[in-house]
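Data file: protein.tsv. Format and content: TSV, C-alpha atoms.
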```tsv
chain	number	residue	atom	x	y	z
A	2	GLN	CA	0.00	0.00	0.00
A	3	VAL	CA	1.38	3.38	-1.01
A	4	GLN	CA	1.50	6.07	1.66
A	5	LEU	CA	2.72	9.66	1.54
A	6	ALA	CA	3.81	11.71	4.53
A	7	GLU	CA	4.61	15.40	4.40
A	8	SER	CA	6.79	17.26	6.87
A	9	GLY	CA	8.50	20.62	7.22
A	10	GLY	CA	5.56	22.97	7.45
A	11	GLY	CA	5.35	25.71	10.03
A	12	LEU	CA	5.14	29.42	10.71
A	13	VAL	CA	7.53	31.76	8.93
A	14	GLN	CA	7.74	35.49	8.37
A	15	ALA	CA	7.24	36.98	4.94
A	16	GLY	CA	10.46	36.81	2.95
A	17	GLY	CA	11.57	33.68	4.75
A	18	SER	CA	12.14	30.14	3.55
A	19	LEU	CA	10.88	26.65	4.31
A	20	ARG	CA	11.64	23.21	2.94
A	21	LEU	CA	8.88	20.67	2.70
A	22	SER	CA	9.56	16.96	2.43
A	23	CYS	CA	7.36	14.12	1.22
A	24	ALA	CA	8.25	10.56	2.12
A	25	ALA	CA	6.67	7.86	-0.04
A	26	SER	CA	6.40	4.29	1.18
A	27	GLY	CA	5.24	1.13	-0.53
A	28	SER	CA	5.90	-0.39	-3.90
A	29	PHE	CA	5.17	1.81	-6.88
A	30	SER	CA	6.36	3.16	-10.19
A	31	SER	CA	6.00	6.90	-10.20
A	32	ILE	CA	4.60	8.74	-13.20
A	33	VAL	CA	4.21	12.16	-11.61
A	34	MET	CA	4.95	13.56	-8.17
A	35	ALA	CA	3.64	16.95	-7.25
A	36	TRP	CA	2.90	19.48	-4.55
A	37	TYR	CA	-0.54	21.03	-4.30
A	38	ARG	CA	-1.85	23.56	-1.82
A	39	GLN	CA	-5.22	24.65	-0.55
A	40	ALA	CA	-5.88	27.92	1.21
A	41	PRO	CA	-9.04	28.49	3.28
A	42	GLY	CA	-12.02	29.06	1.04
A	43	LYS	CA	-10.07	28.33	-2.13
A	44	GLN	CA	-9.70	25.38	-4.47
A	45	ARG	CA	-6.71	23.11	-4.30
A	46	GLU	CA	-4.09	24.30	-6.78
A	47	LEU	CA	-0.96	22.86	-8.32
A	48	VAL	CA	2.25	24.28	-6.90
A	49	ALA	CA	4.82	22.20	-8.72
A	50	GLN	CA	5.14	18.81	-10.38
A	51	ILE	CA	7.97	16.59	-11.54
A	52	SER	CA	7.39	13.81	-14.00
A	53	ARG	CA	8.96	10.40	-14.50
A	54	GLY	CA	11.25	11.96	-17.11
A	55	ASP	CA	12.18	14.83	-14.77
A	56	SER	CA	10.06	17.38	-16.61
A	57	ILE	CA	9.16	20.12	-14.12
A	58	ASN	CA	6.27	22.56	-14.08
A	59	TYR	CA	5.41	25.29	-11.60
A	60	GLY	CA	2.28	27.22	-10.85
A	61	ASP	CA	2.54	30.80	-12.07
A	62	SER	CA	2.37	32.23	-8.56
A	63	VAL	CA	5.47	30.38	-7.35
A	64	LYS	CA	7.75	30.49	-10.38
A	65	GLY	CA	11.19	31.77	-9.46
A	66	ARG	CA	10.57	31.30	-5.73
A	67	PHE	CA	9.92	27.58	-5.25
A	68	THR	CA	12.01	24.61	-6.36
A	69	ILE	CA	10.78	21.02	-6.57
A	70	SER	CA	13.18	18.09	-6.43
A	71	ARG	CA	13.19	14.41	-5.65
A	72	ASP	CA	15.50	11.64	-4.55
A	73	ASN	CA	14.38	8.44	-6.24
A	74	ALA	CA	16.75	6.29	-4.20
A	75	LYS	CA	15.09	7.47	-0.97
A	76	ASN	CA	11.55	7.81	-2.36
A	77	MET	CA	11.56	11.42	-1.25
A	78	MET	CA	10.28	14.63	-2.82
A	79	TYR	CA	11.07	18.14	-1.66
A	80	LEU	CA	9.79	21.65	-2.10
A	81	GLN	CA	12.21	24.45	-1.32
A	82	MET	CA	10.19	27.61	-0.78
A	83	SER	CA	11.89	31.01	-0.71
A	84	SER	CA	10.72	34.62	-0.62
A	85	LEU	CA	7.53	33.44	1.02
A	86	LYS	CA	4.48	35.69	0.94
A	87	PRO	CA	1.40	35.75	3.16
A	88	GLU	CA	-0.60	34.50	0.16
A	89	ASP	CA	1.47	31.31	0.22
A	90	THR	CA	-0.32	30.38	3.45
A	91	ALA	CA	-2.09	27.07	2.86
A	92	VAL	CA	-2.08	23.38	3.58
A	93	TYR	CA	0.46	21.79	1.27
A	94	TYR	CA	-0.20	18.28	-0.04
A	95	CYS	CA	2.07	15.71	-1.57
A	96	PHE	CA	0.61	13.93	-4.63
A	97	LEU	CA	1.69	10.81	-6.48
A	98	ARG	CA	0.37	9.33	-9.70
A	99	THR	CA	1.35	5.76	-10.53
A	100	PHE	CA	0.15	3.20	-13.03
A	101	GLN	CA	-2.01	1.77	-10.21
A	102	GLY	CA	-3.66	4.98	-9.11
A	103	THR	CA	-3.27	8.35	-7.41
A	104	TYR	CA	-2.36	9.08	-3.80
A	105	TRP	CA	-2.41	12.06	-1.48
A	106	GLY	CA	-0.66	12.84	1.75
A	107	GLN	CA	-2.42	14.25	4.80
A	108	GLY	CA	-1.00	17.72	4.26
A	109	THR	CA	1.24	20.07	6.19
A	110	GLN	CA	0.31	23.60	7.21
A	111	VAL	CA	2.43	26.51	6.01
A	112	THR	CA	1.64	29.89	7.52
A	113	VAL	CA	3.41	33.04	6.37
A	114	SER	CA	3.02	36.08	8.59
A	115	SER	CA	3.26	39.62	7.27
```

Could you show the structure in this file as structure tokens?
Amino acid sequence: QVQLAESGGGLVQAGGSLRLSCAASGSFSSIVMAWYRQAPGKQRELVAQISRGDSINYGDSVKGRFTISRDNAKNMMYLQMSSLKPEDTAVYYCFLRTFQGTYWGQGTQVTVSS
């Protein structure tokens, strides 16, 4: 059974940085791994994704500030977030698409104070 666990969220001042981690367990062949976020009262939105072939895409609002990466040997994915803004405040979710299905983590809260 595939499970995802996020960590690294917290409270940070505007302009600061945070690094989120996603640990994937179980047996799977990844097609896409991604970070999504959901702010109160808003729809869940794509933050960044990295494909099986290492193609990377970012949401427009985070381009130039966030960096997605992964370590296939450790089944880990990361999101380095810099120049954080109060509008980045949200619950951040790890997402995995495999040939067997899609999976979500429980989410980690990121709060950016002004």

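Of the listed residues A:Gln50, A:Ser18, A:Ser62, A:Gln81, the one whose atoms come nearest to Ile32 (chain A) is A:Gln50, with distances taken using only C-alpha atoms.
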
- Option closest in space to Asp72 (chain A), from A:Ser115, A:Ser22, A:Thr103, A:Thr90 [counting only C-alpha atoms]: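 Among the listed residues, the smallest separation from Asp72 (chain A) belongs to A:Ser22.
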
- Message: Using only C-alpha atoms, list the residues that have an atom at most 12 Å from (15.1, 9.7, -6.3), coordinates as in the file, as a list in words.
- Response: Cys23, Ala24, Ala25, Ser30, Ser31, Met34, Ile51, Ser52, Arg53, Gly54, Asp55, Ser70, Arg71, Asp72, Asn73, Ala74, Lys75, Asn76, Met77, Met78 and Tyr79 of chain A

- Using all atoms listed in the file, which residues sit within 8 Å of Met82 (chain A) once same-chain residues fewer than 6 positions away are excluded, as an NGL selection string? :A and (18-21 or 66-68)

- Using only C-alpha atoms, find the one residue out of A:Gly65, A:Ala91, A:Gly106, A:Gly27 that sits nearest to Gly11 (chain A). A:Ala91

- Item | Nearby residues, (9.6, 36.0, 6.8) file frame, 12 Å, only C-alpha atoms, as a ChimeraX atom specification | /A:11-19,82-87,89-90,111-115

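Of the listed residues A:Leu5, A:Val33, A:Tyr93, A:Gly10, the one whose atoms come nearest to Val48 (chain A) is A:Tyr93, with distances taken using all atoms listed in the file.
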
- Query: Between CA of Val63 (chain A) and CA of Lys43 (chain A), what is the spacing in Å?
  - Reply: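 Pair CA of Lys43 (chain A) / CA of Val63 (chain A) returns 16.5 Å.
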
- To one decimal in Å, tell me the separation between CA of Phe100 (chain A) and CA of Glu7 (chain A).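 Distance reported for this atom pair: 21.7 Å.
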
Completed region 22-40 of chain A (N, CA, C and O atoms) as a compact mmCIF listing (two decimals), keeping the file's coordinate frame:
```txt
# COMPACT_ATOMS: atom_id res chain seq x y z
N SER A 22 9.14 18.29 2.86
CA SER A 22 9.56 16.96 2.43
C SER A 22 8.34 16.06 2.32
O SER A 22 7.39 16.20 3.08
N CYS A 23 8.40 15.13 1.39
CA CYS A 23 7.36 14.12 1.22
C CYS A 23 8.04 12.76 1.15
O CYS A 23 8.86 12.53 0.26
N ALA A 24 7.70 11.90 2.10
CA ALA A 24 8.25 10.56 2.12
C ALA A 24 7.21 9.60 1.58
O ALA A 24 6.08 9.55 2.08
N ALA A 25 7.57 8.84 0.56
CA ALA A 25 6.67 7.86 -0.04
C ALA A 25 7.09 6.47 0.37
O ALA A 25 8.28 6.12 0.33
N SER A 26 6.12 5.67 0.79
CA SER A 26 6.40 4.29 1.18
C SER A 26 5.53 3.34 0.37
O SER A 26 4.47 3.72 -0.11
N GLY A 27 5.98 2.10 0.25
CA GLY A 27 5.24 1.13 -0.53
C GLY A 27 5.94 0.86 -1.85
O GLY A 27 6.98 1.43 -2.15
N SER A 28 5.34 -0.01 -2.61
CA SER A 28 5.90 -0.39 -3.90
C SER A 28 5.13 0.32 -5.01
O SER A 28 3.92 0.17 -5.10
N PHE A 29 5.85 1.08 -5.83
CA PHE A 29 5.17 1.81 -6.88
C PHE A 29 6.15 2.22 -7.97
O PHE A 29 7.36 2.22 -7.76
N SER A 30 5.58 2.59 -9.11
CA SER A 30 6.36 3.16 -10.19
C SER A 30 5.75 4.52 -10.48
O SER A 30 4.64 4.63 -10.96
N SER A 31 6.50 5.54 -10.13
CA SER A 31 6.00 6.90 -10.20
C SER A 31 5.89 7.39 -11.64
O SER A 31 6.79 7.20 -12.44
N ILE A 32 4.75 8.03 -11.93
CA ILE A 32 4.60 8.74 -13.20
C ILE A 32 4.82 10.23 -12.96
O ILE A 32 5.58 10.89 -13.67
N VAL A 33 4.11 10.75 -11.97
CA VAL A 33 4.21 12.16 -11.61
C VAL A 33 4.18 12.28 -10.09
O VAL A 33 3.39 11.62 -9.43
N MET A 34 5.04 13.14 -9.58
CA MET A 34 4.95 13.56 -8.17
C MET A 34 4.74 15.06 -8.17
O MET A 34 5.30 15.77 -9.03
N ALA A 35 3.98 15.53 -7.23
CA ALA A 35 3.64 16.95 -7.25
C ALA A 35 3.33 17.45 -5.85
O ALA A 35 3.07 16.69 -4.92
N TRP A 36 3.37 18.77 -5.74
CA TRP A 36 2.90 19.48 -4.55
C TRP A 36 1.68 20.30 -4.95
O TRP A 36 1.72 21.02 -5.97
N TYR A 37 0.64 20.19 -4.16
CA TYR A 37 -0.54 21.03 -4.30
C TYR A 37 -0.72 21.79 -3.00
O TYR A 37 -0.15 21.44 -1.97
N ARG A 38 -1.52 22.84 -3.05
CA ARG A 38 -1.85 23.56 -1.82
C ARG A 38 -3.30 24.01 -1.86
O ARG A 38 -3.88 24.17 -2.93
N GLN A 39 -3.84 24.19 -0.67
CA GLN A 39 -5.22 24.65 -0.55
C GLN A 39 -5.30 25.66 0.58
O GLN A 39 -5.03 25.31 1.74
N ALA A 40 -5.67 26.87 0.23
CA ALA A 40 -5.88 27.92 1.21
C ALA A 40 -7.34 27.92 1.64
O ALA A 40 -8.21 27.45 0.89
```
